Amino acid sequence: MAGPVRFDWAALPAGNAEPTLGPPVSLTTPDGNRLAMVALDARVVVEDPLAFTEIRYLFRNPSARLVEGRFETSLPAGAAVSRFAMRIGDRMQEGEVVEATKATRVYEAFLHRQVDPALLEKQPGNRFQARVFPIFPGEVKEIILSYSQELARADEPYRLRLRGMPRLDALDLRIFLGAGAPSGPATSPGAAPPAFGLYERGFLPDRDIVVPLARPGEEQERALRSGTKVVARVTPVLEDKQAPASMRGLLVLVDTSASRAFGFGAQVRWLGSLLDSIRQSAGPGAALRVACFDQGVAEVYRGELAGFDPQALDAIKARGPLGASDLEKALQYAAQAAAQEPKKYDRVVLLSDGIASAGAIAPSALAAQAARLSDSGIERLDTIALGEARDATQLAGLASSLPSAGVVQDGAPPPPRAAARLMKATLAGISVRVPGAKWVWPSTIRAGVQTGDQVLVYAEIEEGRPFQIALGGGSTRRAVPLAAASSELLVDRAITHARIRELEERHSGASTAEEREDLRRQIVQLSTSRQVLSNFTKLLVTEPLPTQPPSSVRIDETEIEILHHVYFEANSTKIKPEFFPLLDELVRGIVEAPHLTKIEIQGHTDDRGREADRVRVSQARAEVIKGYLVNRGVEPERLVAKGYGSAMPIVDNKTEQDRARNRRVMFRVLETSAPVARWLAAGRRSQSHAPDAPAHAGRFAETMARIQSGPAEAALREAQAWRDAEPTDALALIALGQAFEKNGQVAEAERAYGSLIDLYPGRAELRRAAGAYLERLAGRSRSALPLAIDTYRRSLELRSDHPSSHRLLAFGLAREGSLEAAFSVLEGATRRAFDAERFPGADVALKDDLGLLAAAWLKAQPARAREIDGRAAAAGAQPSRERSVRFALTWENDANDVELDVVEDDGPTTRTGFLKKPARIKGWTQASSGYGPEVLVIETPPAGFRYRVHARYQRRGAMGHALGKVQIIEHDGSGGLRFDDRPFVLMNEGGSVDLGIVEEAMRPPAAGASPPAAGP
């Protein structure tokens, strides 16, 4: 180990220079508001070529609301997460690696029971995200994350990213090097002192911490061994005998998707310098095409290298980073461009993070698409990963897809060095052998390597056998400098992670569903047994679920009955811990009883002391209880705290035991809402649609007000400024999309909505929210609906346990005209068992939806009537033959309640069926704890019907804003369908959005006439 630990001063942007990376870690609410990070404690062990990092984060919730937190961080490429823990009460609760679907199901079950859970999951590339709940107002939440990483190149140091974090109350950093590293906690007795320590208070981390591995001229190869397991960093090509690489013409694909927002300007400038360096080597006459890609492709330059000028770079900057990332579409463009001008282009350079969020995303599918470039004369594809988050496996697969393997350049090397590597030939397909090894990975180095490049090799060899390696087809063996690991865990985790990655590569390339499922099971078994995270597992933190005693709280239409009072010590306002479960049960009861609009919390004392003091203490006790209830989700305006002193004893104050019984808090209902109480008694919803609060808040409310009433260009500038300041804020992107719509820029609006897909590819709820806005553009953009269908399909893969995933995909396909595929999606949904408590009535609504799709399919293909009728009947449905208008509400948040109100232009339409104009209502679902769907079907609506639609935030809970949509489907009674999508944002509890008027558009077909076709 060479070189001291140091601050990385060189990478600090000068002055107000643009930051090239986003913050290394964040904890935000679902609204996008950041929780304050107050302290960081890091312990680092560096044993070249491996490193271990454990970080303890402390975040504070500065808001007055209980929230769910979203923890996000980007880890080094190939990092293996092995620990995720969260403080619950006075102990650290350790996470457990669990199969992904099971982990999500358990997390949400705990969330709905208000028990502390946390869930860490791997996102595409090297991004990790955790859900943490609950975080109370003012609470400091403590999280520990541990990961191991491989140090793949001796000339690239270990780096702990600090720059970009906010000012910290405290920073505590300890780094241990080499054999002096402790095998246990650094604070354990006898632990070696750290090689470097840093403790700061009030510290603004504007620099990174760097540990150099080797100086030029020092040994670059290194191996670490523990028992039979070895991890080695080797240099396949030692001598510089590589020939120059030809370059007749170059196709450059520049990723301009939303994830490239941080440092986008710097990346564009870097591209200009790279092409200038290539021109000096390849010659100015070489052909050049440059195209930007995200969810579409836009060519910005075609000509010779010598002609590439700042105007082309300005065009890239003007396009800006927006939209989903469709690598498949980019590769198809490259193949078509090369085919248009045969033998003119032989090279492709891809500048991207390698994370595909639209189109084909599997590494095997994209590698196959890249391999087809050879049919157009392309001989080599090189990849350059810019930015911090990247999918290294994807990039390596693309670079090795053609006969002449390309190089994978990590990060942003100096442009002359990057250009020099592009102008050199590569070696690939180098075999790897370790004599006496039971297992070696990789067995072949497929990516292109050049002189000095290094790769990591993992092996399990016989006990006591020396480690040697043979590269290529020869018999020459090389010894690699070997050190004994101070901790077997470090090497063991690296070997486990390598085995998982080997299985994941095989899974991606598997040709049959059976083979993929078998490999998935192997990955899950290895990941859970060795507690190392994989693509198919998540880390789940939960405290044991308490046993459920008989209920101590009973709430009806007008009363609260509590079997036990809450008692206090003498002269104390501190709640006894044994009463926390009772109060938590009371919270759940009050939240689920919105008809109790005013509840008095009564504080009482015994008869000792002065009456004025007794009233003061009893008032304080009532206020403490009120604070407890509010912190856990009860609206403060529903609670009144009042201290009665000793005026209302329940027993005489003769003994200490009797006085203790009088020191209590009780609850009394002061006001109820009769209409809501009647709804509860009848199992119905409120008929009111009058808003109690504005629908929107904060910057979103301000921006939307400008969009709705201000000049289009000014509104667009406001939305762009917000998005530039907060590149990953979902609400900023939705506001930007709507500003583009108002300005008539439909393609840019589509890119803004597609950005949600790119930034959150592993979150089904945000994919579905993006799809809602994309569907709204379907009548004005040919590409919007296919992208919506694509993201709905991914959402179904992620959350098949949500009925809305099936509905949205099915009706998206129906809107496209793919009626058989749409029917098959809902047909499959009817065979699933959805959680009846969370999604009551969903099975009935899905069968009714299936009948609607059966009618549309029958209209399109009447010759298949017998098959269609049979499949519908087998699923418990029958083709719909009635005129109808269907309102389906979905919203993309958990543990909250959004209500649908449909009103006639002259009065409210109740959910149970007495319209002033003749009609029949059916099909209510009563989802009230997240996601929906809620479906209202009005059959045989009156001619010329006119309804107004509202979405109302009935119960916000801790989940923040609700993104959703109301989909209106009009059926002419003969299979003709018309679709209308009304997406919305709700932020304030009690807020309501007016989604406009729905009018009859499809007249009943005349006798013998053909009904209209499905369409937007």
# chains A, B, ... in the order shown; residues from 1 in each chain; ligands from 1
>>> residues_around(residues="range 493-496 of chain A", least_positions_apart="5", cutoff="9 Å", atoms="only C-alpha atoms", output="PyMOL selection string")
chain A and resi 50+80+82+148-150+229-231+458-460+488+501+526-527+530-532
>>> select_by_dssp(residues="range 653-808 of chain A", states="strand (DSSP E or B)", output="NGL selection string")
:A and (664-672 or 693)
>>> atom_distance(atom1="CA of Ala85 in chain A", atom2="CA of Tyr57 in chain A")
10.5 Å
>>> residues_around(residues="range 243-249 of chain A", least_positions_apart="3", cutoff="10 Å", atoms="only C-alpha atoms", output="VMD selection string")
chain A and resid 240 252 278 281 to 283 285 to 289 303 to 305 338 343 to 348 378 to 380 404 420 to 426
>>> residues_around(residues="range 587-591 of chain A", least_positions_apart="2", cutoff="7 Å", atoms="only C-alpha atoms", output="list of chain:residue names")
A:Ile555, A:Leu583, A:Asp584, A:Glu585, A:Ala593, A:Pro594, A:Leu629, A:Arg632, A:Val634
>>> write_last_selection(atoms="C-alpha atoms", output="tab-separated table (two decimals), in the first residue's frame")
chain	number	residue	atom	x	y	z
A	555	ILE	CA	-65.15	3.26	18.04
A	583	LEU	CA	-52.22	4.85	22.05
A	584	ASP	CA	-51.07	3.35	18.76
A	585	GLU	CA	-54.29	1.34	18.58
A	593	ALA	CA	-63.08	7.01	11.75
A	594	PRO	CA	-63.16	10.33	9.85
A	629	LEU	CA	-51.44	11.23	18.37
A	632	ARG	CA	-48.53	9.41	14.35
A	634	VAL	CA	-54.05	12.17	13.46
>>> residues_around(residues="Cys292 in chain A", least_positions_apart="5", cutoff="8 Å", atoms="only C-alpha atoms", output="PyMOL selection string")
chain A and resi 253-256+297-300+316
